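Chemist: Just dropping this structure here.
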Amino acid sequence: MPAANGDRRPAGEAVEYAGRPGLISWAMYDWANSAFVTVIQTFIFAAYFTQRIAVDETAGSNLWGNTIGIAGLLVAFGGPVLGAIADQSGRRKPWLLFFTSLCVVCTALLWFMKPDNSFTVPALLLVGAAIICFEFASIFYNAMLPDLTPEDHLGRWSGWGWGLGYAGGLLCLVAALVLFMDGENAWIELNRETGGDVRATFLLVAGWYLFFSIPLFLVTPDRKQIAMSRRTAVQRGLRQLYQTIREVRRYGNIFRFLIARMIFVDGLATVFVFGGIYAATVFGMDEKDVLLFGIGLNVSAGIGAALFAFIDDRVGARKTILISLGGLVLTSLLILTVSQTLLFWVFSLILGIFVGPCQASSRSYLARMAPVDLRNEMFGLFALSGKATAFLGPVLVGWITYLSGSQRIGMSTIVFFFIGGFFLMLTVADDYRQRAGKNRQRGSVPTT
């Protein structure tokens with residue numbers, strides 16, 4: 001049986017938290033893997049594929065959306081199962097190392113994807129495999145945190161890791177610009193006709209991810225290995241996952257919250273996937289402009305995450321999420337209607353301010369509302385809710401763009417995800433009055 005605080009440490013294992021070096025090394029992994037998200041998934045490779053590898057930009061957007069969608073679907077079904085099985089065997093770092101290494105290798109191999117239609121299929125296979133490995137690695141990385149620090153320090157270390165992620169993604173984009181993509185001013189000049197300047201950024205990401213993840217594997221402690229056969233681990237893991245899903249359905253408020261999050265996270269995922277593509281195809285930005293655009297979004301997102309943390313503490317996570325979703329709807333509509341590049345920049349940077357709070361306050365909402373003895377189970381389903389339908393937004397944008405021939409019409413899909421999430425969030429209980437100090441035991445969560 002789980003302990004009262006939801007701890008799932010193996011029976012008989014002493015609670016021995018990591019020291020500051022171990023925690024800093026853990027947070028550095030966020031710095032390491034953020035380079036993959038910003039350069040590969042969001043800005044540089046996405047625009048490079050649609051503009052220079054695919055037959056045309058419309059077909060490229062469709063293929064990119066389908067690839068992201070399929071990868072998300074595989075993660076949605078495979079991730080929770082893998083996580084539950086690994087939870088039974090104890091250690092997380094071997095799984096984390098395996099998927100991190102695969103992601104790094106696939107990312108490095110993108111160097112060979114030249115701007116030619118013949119590279120369409122191998123490019124999509126490589127980036128799809130890299131995305132799947134990245135997401136699987138993230139599952140085990142996130143699962144390590146509760147074993148590294150006491151519960152009253154979880155929020156600060158999670159937040160600091162999140163902040164390092166924004167900073168790491170930003171600095172990697174700056175490094176890509178200065179080293180390879182600043183035209184004649186680049187420190188290293190490569191053949192632009194063969195995409196050498198762009199493809200070099202993929203090697204940069206692979207090296208960045210590998211190098212900055214090393215401290216975690218060398219310094220951060222891991223759970224002890226549990227002596228258990230693979231068959232037993234699979235059986236117990238699947239049983240645990242089933243129990244998690246069955247238990248959470250008893251709590252109507254949290255169930256509605258997870259559905260609301262599932263919807264608006266689809267919209268956020270689509271913004272990340274197609275943000276660079278939209279900037280490139282609608283406003284004619286080249287790779288350098290898209291890179292600068294990515295830097296600007298990372299800065300605004302970091303500012304928003306910091307500012308709204310105070311709002312969350314003052315009015316609660318639910319109200320913070322509602323404010324953020326309202327801001328996302330308004331700025332998205334403005335972005336879809338403007339035709340001037342300057343206005344696109346202005347409204348996009350404002351949109352970035354509302355991105356971080358949706359994610360950070362979702363985590364704090366569940367932390368406040370989940371029963372103490374079900375927190376691990378609830379956060380397991382929380383992870384599932386972020387991936388179960390993550391494929392839907394990119395696939396819809398890709399197909400609507402393809403059928404309509406308009407990137408603006410395709411991107412309008414994200415507004416409906418934000419609106420749907422907003423109205424569902426109106427139906428969940430306010431966490432402001434459920435603050436620390438209340439000892440929420442099993443069954444005491446509001447169900448209305």
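By order in the structure tokens, chains are A, B, ...; within a chain, residues start at 1; ligands start at 1, following the order shown.
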Applying 7 Å and only C-alpha atoms, which residues near Gly168 in chain A remain after dropping the ones on its own chain fewer than 2 positions away? List them as an MDAnalysis selection string.
Modeler: chainID A and resid 31:32 34:35 164:166 170:172
Chemist: Restricting the output to C-alpha atoms, write the selected residues as a PDB file, in the first residue's frame.
Modeler:
ATOM      1  CA  TRP A  31      18.372  22.948 -19.676  1.00  0.00           C
ATOM      2  CA  ALA A  32      19.728  20.109 -21.835  1.00  0.00           C
ATOM      3  CA  SER A  34      14.936  22.182 -24.053  1.00  0.00           C
ATOM      4  CA  ALA A  35      17.288  22.672 -27.010  1.00  0.00           C
ATOM      5  CA  LEU A 164      16.267  26.591 -16.753  1.00  0.00           C
ATOM      6  CA  GLY A 165      14.455  24.991 -19.674  1.00  0.00           C
ATOM      7  CA  TYR A 166      13.370  28.376 -21.021  1.00  0.00           C
ATOM      8  CA  LEU A 170      16.903  30.556 -25.550  1.00  0.00           C
ATOM      9  CA  LEU A 171      20.683  30.265 -25.271  1.00  0.00           C
ATOM     10  CA  CYS A 172      20.798  27.369 -27.734  1.00  0.00           C
TER      11      CYS A 172
END
Chemist: Considering only C-alpha atoms, return as an mmCIF file with N, CA and C atoms, in the first residue's frame whatever protein or nucleic-acid residues lie within 8 Å of Asn62 in chain A, sequence-local ones (same chain, fewer than 2 positions apart) excluded.
Modeler:
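File written: part.cif
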data_model
loop_
_atom_site.group_PDB
_atom_site.id
_atom_site.type_symbol
_atom_site.label_atom_id
_atom_site.label_comp_id
_atom_site.auth_asym_id
_atom_site.auth_seq_id
_atom_site.Cartn_x
_atom_site.Cartn_y
_atom_site.Cartn_z
ATOM 1 N N THR A 58 2.567 23.710 -48.295
ATOM 2 C CA THR A 58 1.283 23.157 -47.846
ATOM 3 C C THR A 58 1.398 21.672 -47.565
ATOM 4 N N ALA A 59 1.999 20.936 -48.506
ATOM 5 C CA ALA A 59 2.192 19.502 -48.301
ATOM 6 C C ALA A 59 3.124 19.261 -47.120
ATOM 7 N N GLY A 60 4.146 20.113 -46.973
ATOM 8 C CA GLY A 60 5.073 19.968 -45.864
ATOM 9 C C GLY A 60 4.396 20.141 -44.517
ATOM 10 N N TRP A 64 4.209 17.262 -41.748
ATOM 11 C CA TRP A 64 4.752 17.560 -40.422
ATOM 12 C C TRP A 64 3.696 17.342 -39.340
ATOM 13 N N GLY A 65 2.491 17.821 -39.586
ATOM 14 C CA GLY A 65 1.417 17.626 -38.617
ATOM 15 C C GLY A 65 1.097 16.167 -38.396
ATOM 16 N N ASN A 66 1.063 15.376 -39.469
ATOM 17 C CA ASN A 66 0.792 13.949 -39.332
ATOM 18 C C ASN A 66 1.888 13.241 -38.542
ATOM 19 N N VAL A 395 -2.583 17.296 -36.203
ATOM 20 C CA VAL A 395 -3.199 16.613 -37.345
ATOM 21 C C VAL A 395 -4.294 17.482 -37.959
ATOM 22 N N VAL A 397 -4.640 20.798 -37.817
ATOM 23 C CA VAL A 397 -4.047 21.945 -38.503
ATOM 24 C C VAL A 397 -3.428 21.520 -39.824
ATOM 25 N N GLY A 398 -2.718 20.389 -39.801
ATOM 26 C CA GLY A 398 -2.098 19.911 -41.025
ATOM 27 C C GLY A 398 -3.101 19.628 -42.126
ATOM 28 N N TRP A 399 -4.201 18.944 -41.785
ATOM 29 C CA TRP A 399 -5.197 18.582 -42.804
ATOM 30 C C TRP A 399 -6.039 19.779 -43.238
ATOM 31 N N THR A 401 -5.083 22.872 -43.212
ATOM 32 C CA THR A 401 -4.197 23.674 -44.060
ATOM 33 C C THR A 401 -4.107 23.082 -45.456
ATOM 34 N N TYR A 402 -3.986 21.764 -45.520
ATOM 35 C CA TYR A 402 -3.860 21.081 -46.823
ATOM 36 C C TYR A 402 -5.135 21.224 -47.649
#
Chemist: Residues near range 92-105 of chain A, anyone? I mean within 9 Å using only C-alpha atoms, not counting same-chain ones fewer than 5 positions away, as a ChimeraX atom specification.
Modeler: /A:33,86-87,110,127,129-141,143-144,205-207,209-210,213,216-217,221-223
Chemist: Suppose you want the space between CA of Ala46 in chain A and CA of Phe264 in chain A; what is it in Å?
Modeler: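 Separation between CA of Ala46 in chain A and CA of Phe264 in chain A: 21.8 Å.
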Chemist: Could you state the separation of CA of Thr341 in chain A and CA of Phe283 in chain A in Å, given to one decimal place?
Modeler: 6.4 Å
Chemist: Using only C-alpha atoms for the distances, tell me which of A:Leu173, A:Val428, A:Val55, A:Ile70 is nearest to Arg318 in chain A.
Modeler: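 The closest residue to Arg318 in chain A is A:Val428.
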Chemist: Per DSSP on the backbone, what are the alpha helix (DSSP H) residues of range 138-371 of chain A, as a PyMOL selection string?
Modeler: chain A and resi 138-144+154-176+196-219+230-248+252-283+287-315+317-337+341-369
Chemist: With distances taken over only C-alpha atoms, which residue among A:Ala429, A:Val265, A:Leu336, A:Ile350 lies nearest Phe417 in chain A?
Modeler: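 The answer is A:Val265, which sits nearest to Phe417 in chain A.
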Chemist: Between CA of Phe347 in chain A and CA of Asn185 in chain A, measure the distance and give it in Å to one decimal.
Modeler: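 Those two atoms sit 29.2 Å apart.
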Chemist: If you count only C-alpha atoms, which residues fall within 10 Å of Thr413 in chain A, apart from same-chain ones fewer than 2 positions away, as a list in words?
Modeler: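 My list of contacting residues is Gly267, Thr270, Gly393, Pro394, Leu396, Val397, Ile400, Thr401, Arg408, Ile409, Gly410, Met411, Val415, Phe416, Phe417 and Phe418 of chain A.
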Chemist: With only C-alpha atoms as the atoms that count, which of A:Leu322, A:Leu190, A:Val299, A:Leu23 lies nearest to Thr149 in chain A?
Modeler: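 That would be A:Leu23, the residue with the smallest distance to Thr149 in chain A.
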Chemist: Write out as a list in words the residues lying within 8 Å of Phe293 in chain A, counting only C-alpha atoms and excluding same-chain residues fewer than 4 positions away.
Modeler: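 Contacts, in chain order: Gly276, Asp289, Leu297 and Trp345 of chain A.
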Chemist: Closest to Gly304 in chain A among A:Thr331, A:Ala260, A:Val355, A:Ser339, using only C-alpha atoms?
Modeler: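 Counting only C-alpha atoms, the residue closest to Gly304 in chain A is A:Val355.
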